[in-house]
Each structure stands twice: as C-alpha cells, then as structure tokens.
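Here's the structure, in structure tokens; my notes come after.
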Amino acid sequence: MKTIRELDIDGKTVFIRCDFNVPIDEFGNISDDRRIRAALPTIRYCIDRQCKVVLASHFSRPEAGKFEEKYSLYPVYKRLDTLLKIKHELFFDDSKSGKVISQRAKELYAKMRDGDVLLLENLRFDAGETKDDEEFAAELSQFGEIYINDAFGACHRKHASIYAITKFYDREHKGAGFLLAKEVNFFGKVLENPTRPFVAVVGGSKVSGKLEALNKLIEKVDKIIIGGGMAFTFLKAMGYEIGKSLVEEDLIDEAINVMNKARRNGIKFYLPVDVVVAPEFSEHSTVKYLPTQEIPKEWMGLDIGPATTRLFREALNDAHTIIWNGPMGVFEMEKFAKGSIKMSHYIAETHATTIVGGGDTADVAQRAGDVDEMTFVSTGGGASLKLIEGEELPGIVALQN
Ligand code: AMP
C-alpha cells in the first residue's frame with residue numbers, strides 16, 4: 001500500500017475518506033474532536049500542495065435518502081473551519097437534500113480553486129454507501145483524481161467509499177493518509193515484535209465480539225487481564241454465582257477453552273476478585289463492594305472492585321507493552337466508572353508502550369485525563385480488533401490491489 005507521500009498529488013484534486021464519526025452531546029456539540037484533529041495532517045499536506053481537497057465521511061446511522069439535522073456533518077464542518085485556519089475556502093454542502101452527490105455539492109466542487117476544501121454530506125445519506133454500491137462509488141470518484149483513505153476506524157467495513165471506490169484508481173492514484181498509515185504501522189509493529197512482558201487488558205460488554213481477538217492474543221501475550229461485563233462469562237464458567245450479571249451462556253464452553261489454552265501456553269490469566277454490585281442497572285441504585293464469591297443471586301456486577309484494581313495494578317507492574325481494549329465496568333454511569341478510570345491511570349503510569357484501542361476505551365482514557373500519557377490511542381475500535389485477530393481489513397486490501 002502506498003502512502004500519500006509516495007503519490008504525485010501536487011495541484012490535483014484529492015478525495016480523502018476521513019472518519020469524522022465523532023460523539024455529539026445532547027446539545028448537538030461535538031464532545032470529543034480527536035478524530036477531526038487526527039485527520040488534519042493529511043488535509044494540510046494536500047492544501048500545502050495546492051490540491052483541491054474533497055472530504056467525505058460517514059456519521060452515525062441515518063436513514064438513507066432522508067435529511068435529518070442530527071445526522072448532518074454540519075457540526076464537523078464548523079469544527080473543521082476552526083481547526084484548519086486556512087486562507088482558502090472551506091465549502092460545505094448545506095442544501096439539506098439528504099443526498100451526498102447533490103446539485104449543490106457539484107456546484108461547490110466546480111467553484112473550488114487550488115487549496116480549497118469541500119466537505120460532502122454524511123456518506124450514509126446514500127443507500128449505496130453501506131451496500132458497497134459501484135455506481136455510487138463511481139459518482140464519488142468524480143470528486144478526485146487521487147483517492148486517499150485516512151479512515152482507519154472504517155477500514156474493516158466493505159463500504160462504497162472504502163472499498164468499491166478504489167477500483168476506479170490505479171496504484172499511482174490511491175493510497176493511505178498519514179493517520180491510516182500510522183495506525184497500521186503501529187499495530188503491525190507491536191503485534192509482530194512486542195517488548196515483553198506483553199499484557200492485554202480486555203473489557204467491555206461481550207465475549208462474543210472479542211472472542212477471536214482473545215484467541216489470537218493468547219498466542220502473543222504473557223498476561224491477559226479480563227474485566228467488564230465479559231468477565232462474568234468466565235467467572236460463571238469457573239462455577240461462581242454471578243447473579244443477574246451480564247453473561248453469554250452459549251459461550252461458557254468457549255470461555256473454558258480460552259482459559260485452558262492460556263494455561264497450556266503458560267499465559268497468566270487474571271479475572272476480577274471483587275466486584276461492585278447493584279440490584280438494578282441504574283445510576284441511582286444502591287451498591288455493594290463484594291468478593292466475587294459473594295455476588296447475591298438477584299444482583300449484578302457493574303464494575304470491578306477495589307481489590308481487583310490493586311491486583312490488576314500489580315499484574316501491570318512489570319509490563320513493557322500493554323494493549324487495552326474495553327472498559328472495566330459501566331463507565332457511562334459515574335458510580336461504576338471508578339474501575340475503568342483507575343485502570344486508565346495505572347496503564348498510563350507504567351513505562352510500558354501503551355496502546356489504547358477503541359471508541360469507549362479512548363473515551364475512558366480521555367475522561368481520566370490520561371490520553372497524553374498513552375503511547376498511542378487508536379481511533380478505531382472494531383478495526384483495531386480485526387488487526388489483532390490477524391484479519392485483513394477490506395480498506396487496506398483495496399489500497400494494495
Ligand atoms: P464493548 O463495546 O464490547 O467494548 O463494550 C463497552 C460497553 O460495555 C460499555 O458501554 C460499558 O457500559 C459496558 N460494560 C462494561 N462492563 C459492564 C458490566 N459489568 N455490565 C454491563 N455492561 C458493561
């Protein structure tokens with residue numbers, strides 16, 4: 001795969017697939033603009049080379065063909081305007097047509113001068129995007145002589161702007177932006193040749209979404225630390241009473257296989273020794289801190305307890321490389337955020353190479369104020385898991401062909 005630096009882009013029109021799928025709060029404000037800031041180096045590089053730059057991204061999950069304010073990329077346009085600080089024009093298709101390739105978008109495109117930037121509307125306003133539709137991809141390709149993919153977070157999806165579009169470009173006219181190249185290099189290097197001890201911290205809600213990654217990690221790491229909702233499937237597999245905690249009954253055998261595999265490979269496997277339990281899934285319910293052995297039948301575990309955070313900290317002490325994916329509890333509710341926040345602090349405190357993968361996990365690190373202390377915070381959760389699983393990402397394969 002070529003990177004943008006290896007392509008001759010001077011003075012050309014460049015179509016950049018970005019990942020501007022940013023979180024928005026209840027007032028419509030962008031609550032975390034890291035994904036936009038992460039795209040700036042590639043955009044600026046193109047502007048400095050007198051390119052006409054067309055930006056495209058998906059945003060949330062709108063119904064195709066229907067304009068709804070809450071799915072518009074308008075807030076991203078406003079933030080880009082603040083962040084880019086360019087003398088040139090930043091255009092935005094504000095026709096509210098519910099189309100990506102609208103009449104307005106074409107008019108704006110025709111108006112562009114060298115160094116100008118045009119942001120198209122949410123790609124998912126067109127049904128063709130998620131269907132990897134070639135016709136839609138062909139239309140998009142009319143907006144650029146060069147195609148650049150800088151949307152790591154979307155590379156595991158076979159969508160028109162990620163996959164089908166690349167068929168309209170040869171190897172001299174398509175490549176990876178700086179962000180994509182950095183993500184792929186980072187994960188590649190760490191997974192191929194980690195400095196040991198190599199520790200994986202895995203959390204989040206479900207075992208199912210991370211089973212493949214767990215199986216792959218067991219072949220590579222020295223220790224695995226499991227927290228979050230997924231820990232309860234493992235605890236149940238070990239015979240603990242887990243009350244009403246999240247569990248995937250059909251994966252209990254699989255959980256036993258994972259633990260056996262860890263044992264056979266000499267991998268140290270850590271599970272919570274105490275939990276924060278509540279009678280219901282609510283910010284307002286009463287809570288107790290109990291050893292894992294004592295979870296009441298009608299209660300559920302929603303965070304790791306204080307003894308567990310201390311144990312996990314011990315296990316992290318000698319780590320030289322740490323991969324972290326998934327929160328340790330329901331961090332969205334303050335009562336159950338402590339385990340995740342503490343883990344973030346502990347991971348950040350180590351001198352290890354620390355890689356945080358995934359939207360939720362990056363969010364925890366951000367809330368904990370630890371982002372700057374981490375070696376690398378990936379912008380893509382699903383995509384980084386696929387890389388760990390050793391799967392080829394469609395978006396990257398498409399750039400190589
Ligand atoms: P994932 O998308 O699999 O990384 O899961 C992230 C979600 O897991 C977050 O929204 C957390 O609220 C949720 N989560 C973490 N721990 C628990 C738990 N003990 N019970 C229920 N949900 C949890």
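Ordering of the structure tokens sets the chain letters (A, B, ...), residue numbers begin anew at 1 in every chain, and ligands are numbered from 1 in the order given.
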
**Request:** Grab me every residue within 8 Å of ligand 1, counting only C-alpha atoms and all ligand atoms, and send it over as a ChimeraX atom specification.
**Result:** /A:203-207,209-210,227-232,245-246,300-304,325-333,358,360-361

Write the residues of the selection above to a file with C-alpha atoms, as an mmCIF file, in the first residue's frame.
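Output below, filename selection_7.cif:
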data_model
loop_
_atom_site.group_PDB
_atom_site.id
_atom_site.type_symbol
_atom_site.label_atom_id
_atom_site.label_comp_id
_atom_site.auth_asym_id
_atom_site.auth_seq_id
_atom_site.Cartn_x
_atom_site.Cartn_y
_atom_site.Cartn_z
ATOM 1 C CA GLY A 203 -13.036 -5.480 28.915
ATOM 2 C CA GLY A 204 -16.345 -4.299 27.530
ATOM 3 C CA SER A 205 -19.708 -5.911 27.413
ATOM 4 C CA LYS A 206 -19.440 -9.072 25.393
ATOM 5 C CA VAL A 207 -17.140 -12.019 24.976
ATOM 6 C CA GLY A 209 -17.309 -9.550 19.933
ATOM 7 C CA LYS A 210 -13.823 -10.199 21.241
ATOM 8 C CA GLY A 227 -12.661 -7.012 33.294
ATOM 9 C CA GLY A 228 -16.007 -5.502 32.308
ATOM 10 C CA GLY A 229 -19.187 -7.402 31.585
ATOM 11 C CA MET A 230 -17.317 -10.113 29.725
ATOM 12 C CA ALA A 231 -15.565 -11.234 32.921
ATOM 13 C CA PHE A 232 -18.819 -12.774 34.191
ATOM 14 C CA SER A 245 -24.682 -10.064 35.781
ATOM 15 C CA LEU A 246 -24.201 -9.983 32.034
ATOM 16 C CA MET A 300 -25.484 -7.734 39.073
ATOM 17 C CA GLY A 301 -21.808 -6.829 38.770
ATOM 18 C CA LEU A 302 -21.314 -3.474 37.079
ATOM 19 C CA ASP A 303 -17.685 -2.625 37.822
ATOM 20 C CA ILE A 304 -14.514 -4.190 39.172
ATOM 21 C CA ASN A 325 -9.434 -2.663 24.712
ATOM 22 C CA GLY A 326 -12.717 -2.328 26.568
ATOM 23 C CA PRO A 327 -13.815 -0.605 29.810
ATOM 24 C CA MET A 328 -13.743 -2.432 33.159
ATOM 25 C CA GLY A 329 -17.329 -1.506 34.022
ATOM 26 C CA VAL A 330 -20.329 0.577 33.027
ATOM 27 C CA PHE A 331 -18.175 3.704 32.911
ATOM 28 C CA GLU A 332 -21.020 5.786 31.449
ATOM 29 C CA MET A 333 -22.542 5.847 34.966
ATOM 30 C CA GLY A 358 -11.473 1.596 20.579
ATOM 31 C CA ASP A 360 -15.189 3.505 24.504
ATOM 32 C CA THR A 361 -11.730 2.804 25.803
#

**Request:** Give me the residues within 12 Å of Ile322 in chain A as a ChimeraX atom specification, counting only C-alpha atoms and dropping any in the same chain fewer than 4 places off.
**Result:** /A:187,190-191,194-202,217,220-225,315-318,343-344,346-357,374-377

**Request:** Calculate how many Å separate CA of Asp370 in chain A from CA of His58 in chain A, rounding to one decimal.
**Result:**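 According to the coordinates, CA of Asp370 in chain A and CA of His58 in chain A are separated by 27.8 Å.
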
**Message:** To one decimal place in Å, what is the distance between CA of Asn265 in chain A and CA of Thr309 in chain A?
**Reply:**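 Taking CA of Asn265 in chain A as the start and CA of Thr309 in chain A as the end point, the length is 25.0 Å.
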
**Request:** Determine the nearest neighbour of Lys182 in chain A from the options A:Leu235, A:Ile226, A:Leu211, A:Ala39, counting only C-alpha atoms.
**Result:**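 Using only C-alpha atoms, Lys182 in chain A sits closest to A:Ala39.
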
**Item:** Nearby residues (only C-alpha atoms) at most 7 Å from range 17-23 of chain A, same-chain spacing under 2 positions excluded, as an NGL selection string
**Value:** :A and (15 or 25 or 30-33 or 35-36 or 39 or 55-60 or 148-151 or 153-154 or 161)

May I have the residues from that selection written out with N, CA, C and O atoms, as a short mmCIF file (atom, residue, chain, number, x, y, z; two decimals), in the first residue's frame?
data_model
loop_
_atom_site.label_atom_id
_atom_site.label_comp_id
_atom_site.auth_asym_id
_atom_site.auth_seq_id
_atom_site.Cartn_x
_atom_site.Cartn_y
_atom_site.Cartn_z
N PHE A 15 -9.52 13.26 -3.19
CA PHE A 15 -10.69 12.83 -2.42
C PHE A 15 -10.17 12.11 -1.18
O PHE A 15 -9.48 11.09 -1.29
N ASP A 25 -22.95 15.61 21.99
CA ASP A 25 -23.72 15.60 23.25
C ASP A 25 -25.19 15.99 23.01
O ASP A 25 -25.59 16.23 21.87
N ILE A 30 -19.98 18.81 19.54
CA ILE A 30 -19.02 17.72 19.42
C ILE A 30 -18.32 17.59 20.77
O ILE A 30 -17.68 18.54 21.23
N SER A 31 -18.46 16.42 21.43
CA SER A 31 -17.89 16.31 22.78
C SER A 31 -16.43 15.84 22.74
O SER A 31 -15.73 15.95 23.74
N ASP A 32 -15.99 15.32 21.63
CA ASP A 32 -14.59 14.90 21.53
C ASP A 32 -14.20 14.99 20.05
O ASP A 32 -14.70 14.23 19.22
N ASP A 33 -13.31 15.93 19.74
CA ASP A 33 -13.00 16.15 18.31
C ASP A 33 -11.68 15.51 17.88
O ASP A 33 -11.07 15.90 16.88
N ARG A 35 -10.99 12.76 16.46
CA ARG A 35 -10.97 12.18 15.10
C ARG A 35 -10.79 13.27 14.04
O ARG A 35 -10.19 13.02 13.00
N ILE A 36 -11.33 14.44 14.30
CA ILE A 36 -11.18 15.53 13.33
C ILE A 36 -9.73 16.03 13.36
O ILE A 36 -9.10 16.19 12.31
N ALA A 39 -7.22 13.96 11.56
CA ALA A 39 -7.24 13.98 10.08
C ALA A 39 -6.50 15.20 9.52
O ALA A 39 -6.23 15.26 8.31
N LEU A 55 -13.49 16.20 1.13
CA LEU A 55 -13.53 15.33 2.30
C LEU A 55 -14.88 14.62 2.36
O LEU A 55 -15.92 15.24 2.11
N ALA A 56 -14.84 13.34 2.72
CA ALA A 56 -16.09 12.59 2.86
C ALA A 56 -16.00 11.70 4.08
O ALA A 56 -14.93 11.18 4.41
N SER A 57 -17.11 11.54 4.76
CA SER A 57 -17.15 10.67 5.94
C SER A 57 -18.57 10.18 6.20
O SER A 57 -19.53 10.79 5.76
N HIS A 58 -18.66 9.08 6.93
CA HIS A 58 -19.97 8.68 7.41
C HIS A 58 -20.15 9.32 8.79
O HIS A 58 -19.18 9.79 9.40
N PHE A 59 -21.38 9.33 9.26
CA PHE A 59 -21.62 9.85 10.60
C PHE A 59 -22.88 9.19 11.15
O PHE A 59 -23.96 9.34 10.60
N SER A 60 -22.69 8.40 12.21
CA SER A 60 -23.80 7.69 12.85
C SER A 60 -24.57 6.83 11.83
O SER A 60 -24.01 6.43 10.82
N ILE A 148 -7.53 9.07 -1.34
CA ILE A 148 -6.77 8.81 -0.11
C ILE A 148 -7.72 8.27 0.95
O ILE A 148 -8.78 8.85 1.20
N ASN A 149 -7.33 7.17 1.57
CA ASN A 149 -8.11 6.65 2.69
C ASN A 149 -7.39 7.01 3.99
O ASN A 149 -6.23 6.63 4.18
N ASP A 150 -8.06 7.78 4.83
CA ASP A 150 -7.47 8.14 6.13
C ASP A 150 -8.45 7.77 7.25
O ASP A 150 -8.41 8.35 8.33
N ALA A 151 -9.33 6.81 6.96
CA ALA A 151 -10.40 6.46 7.89
C ALA A 151 -10.15 5.09 8.49
O ALA A 151 -10.87 4.13 8.20
N GLY A 153 -10.81 3.85 11.31
CA GLY A 153 -11.96 3.34 12.04
C GLY A 153 -13.03 2.72 11.16
O GLY A 153 -13.94 2.05 11.65
N ALA A 154 -12.96 2.93 9.84
CA ALA A 154 -13.98 2.38 8.94
C ALA A 154 -13.40 1.31 8.00
O ALA A 154 -14.12 0.76 7.18
N SER A 161 -17.28 3.94 -0.17
CA SER A 161 -16.21 4.94 -0.12
C SER A 161 -14.90 4.36 0.40
O SER A 161 -13.87 5.04 0.43
#

Show which residues sit within 8 Å of Leu251 in chain A, as a tab-separated table (two decimals) with C-alpha atoms, in the first residue's frame. Count only C-alpha atoms, and ignore same-chain residues fewer than 2 positions away.
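Wrote part14.tsv, looks like this:
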chain	number	residue	atom	x	y	z
A	207	VAL	CA	-17.14	-12.02	24.98
A	208	SER	CA	-18.67	-12.70	21.57
A	233	THR	CA	-18.99	-15.37	31.44
A	248	GLU	CA	-23.30	-15.28	27.41
A	249	GLU	CA	-24.39	-18.79	28.33
A	253	ASP	CA	-17.55	-23.67	26.82
A	254	GLU	CA	-15.61	-21.27	24.67
A	255	ALA	CA	-14.57	-19.34	27.80

Based on DSSP run over this structure's backbone, return all residues of range 56-158 of chain A in strand (DSSP E or B), as a PDB file with N, CA and C atoms, in the first residue's frame.
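See part24.pdb below for the written result:
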ATOM      1  N   ALA A  56     -14.843  13.345   2.719  1.00  0.00           N
ATOM      2  CA  ALA A  56     -16.092  12.589   2.859  1.00  0.00           C
ATOM      3  C   ALA A  56     -15.997  11.696   4.081  1.00  0.00           C
ATOM      4  N   LEU A  90     -13.437  26.960   2.795  1.00  0.00           N
ATOM      5  CA  LEU A  90     -13.923  25.639   3.191  1.00  0.00           C
ATOM      6  C   LEU A  90     -15.405  25.609   2.857  1.00  0.00           C
ATOM      7  N   PHE A  91     -15.761  24.788   1.885  1.00  0.00           N
ATOM      8  CA  PHE A  91     -17.155  24.713   1.446  1.00  0.00           C
ATOM      9  C   PHE A  91     -17.871  23.566   2.136  1.00  0.00           C
ATOM     10  N   PHE A  92     -19.170  23.714   2.247  1.00  0.00           N
ATOM     11  CA  PHE A  92     -19.973  22.614   2.778  1.00  0.00           C
ATOM     12  C   PHE A  92     -21.306  22.558   2.036  1.00  0.00           C
ATOM     13  N   VAL A 117     -11.172  23.547   0.180  1.00  0.00           N
ATOM     14  CA  VAL A 117     -11.605  22.263   0.748  1.00  0.00           C
ATOM     15  C   VAL A 117     -13.130  22.191   0.669  1.00  0.00           C
ATOM     16  N   LEU A 118     -13.649  21.041   0.284  1.00  0.00           N
ATOM     17  CA  LEU A 118     -15.096  20.827   0.262  1.00  0.00           C
ATOM     18  C   LEU A 118     -15.417  19.617   1.122  1.00  0.00           C
ATOM     19  N   LEU A 119     -16.339  19.792   2.069  1.00  0.00           N
ATOM     20  CA  LEU A 119     -16.795  18.646   2.871  1.00  0.00           C
ATOM     21  C   LEU A 119     -18.156  18.201   2.350  1.00  0.00           C
ATOM     22  N   ILE A 146      -7.164  11.768  -7.244  1.00  0.00           N
ATOM     23  CA  ILE A 146      -6.423  10.914  -6.318  1.00  0.00           C
ATOM     24  C   ILE A 146      -7.374  10.479  -5.209  1.00  0.00           C
ATOM     25  N   TYR A 147      -7.278   9.221  -4.782  1.00  0.00           N
ATOM     26  CA  TYR A 147      -8.095   8.749  -3.660  1.00  0.00           C
ATOM     27  C   TYR A 147      -7.184   8.455  -2.465  1.00  0.00           C
ATOM     28  N   ILE A 148      -7.532   9.066  -1.342  1.00  0.00           N
ATOM     29  CA  ILE A 148      -6.774   8.811  -0.112  1.00  0.00           C
ATOM     30  C   ILE A 148      -7.724   8.268   0.952  1.00  0.00           C
ATOM     31  N   ASN A 149      -7.332   7.168   1.567  1.00  0.00           N
ATOM     32  CA  ASN A 149      -8.110   6.651   2.691  1.00  0.00           C
ATOM     33  C   ASN A 149      -7.386   7.015   3.988  1.00  0.00           C
TER      34      ASN A 149
END

**Request:** Please provide as JSON, numbers by chain all residues within 8 Å of Asp94 in chain A, with the sequence filter that same-chain residues fewer than 6 positions apart are discarded (counting only C-alpha atoms).
**Result:** {"A": [74, 104, 121]}

Expected file: the selected residues, N, CA, C and O atoms, as a PDB file, in the first residue's frame:
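Ended up saving to out34.pdb:
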ATOM      1  N   TYR A  74     -22.732  19.013   9.470  1.00  0.00           N
ATOM      2  CA  TYR A  74     -22.566  20.453   9.680  1.00  0.00           C
ATOM      3  C   TYR A  74     -21.692  20.789  10.908  1.00  0.00           C
ATOM      4  O   TYR A  74     -20.788  21.617  10.808  1.00  0.00           O
ATOM      5  N   ARG A 104     -26.007  20.923  -5.275  1.00  0.00           N
ATOM      6  CA  ARG A 104     -25.218  21.930  -4.544  1.00  0.00           C
ATOM      7  C   ARG A 104     -23.752  21.478  -4.410  1.00  0.00           C
ATOM      8  O   ARG A 104     -22.842  22.274  -4.604  1.00  0.00           O
ATOM      9  N   GLU A 121     -21.691  15.874   2.401  1.00  0.00           N
ATOM     10  CA  GLU A 121     -22.583  15.464   3.490  1.00  0.00           C
ATOM     11  C   GLU A 121     -22.343  13.991   3.852  1.00  0.00           C
ATOM     12  O   GLU A 121     -21.668  13.252   3.112  1.00  0.00           O
TER      13      GLU A 121
END

**Asked** Of the candidates A:Leu83, A:His159, A:Glu183, A:Asp363, which shows the shortest atom-to-atom distance to Gly128 in chain A, using only C-alpha atoms?
**Response**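 For Gly128 in chain A, the nearest of the given residues is A:His159.
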
Picked from range 324-367 of chain A by DSSP as helix (DSSP H, G or I), as a tab-separated table (two decimals) with C-alpha atoms, in the first residue's frame:
chain	number	residue	atom	x	y	z
A	334	GLU	CA	-20.35	7.59	37.46
A	335	LYS	CA	-20.99	5.02	40.17
A	336	PHE	CA	-19.50	2.29	38.02
A	338	LYS	CA	-14.07	4.02	39.02
A	339	GLY	CA	-12.61	0.68	37.94
A	340	SER	CA	-12.13	1.89	34.37
A	341	ILE	CA	-10.71	5.26	35.40
A	342	LYS	CA	-8.27	3.63	37.84
A	343	MET	CA	-7.13	1.13	35.22
A	344	SER	CA	-6.57	4.01	32.82
A	345	HIS	CA	-4.38	5.76	35.43
A	346	TYR	CA	-2.42	2.58	36.15
A	347	ILE	CA	-1.84	1.83	32.47
A	348	ALA	CA	-0.79	5.43	31.83
A	349	GLU	CA	1.55	5.39	34.84
A	359	GLY	CA	-14.01	4.36	20.99
A	360	ASP	CA	-15.19	3.51	24.50
A	361	THR	CA	-11.73	2.80	25.80
A	362	ALA	CA	-10.34	6.00	24.30
A	363	ASP	CA	-13.28	7.78	25.91
A	364	VAL	CA	-12.33	6.40	29.33
A	365	ALA	CA	-8.70	7.47	28.87
A	366	GLN	CA	-9.91	10.91	27.82
A	367	ARG	CA	-12.18	11.27	30.87
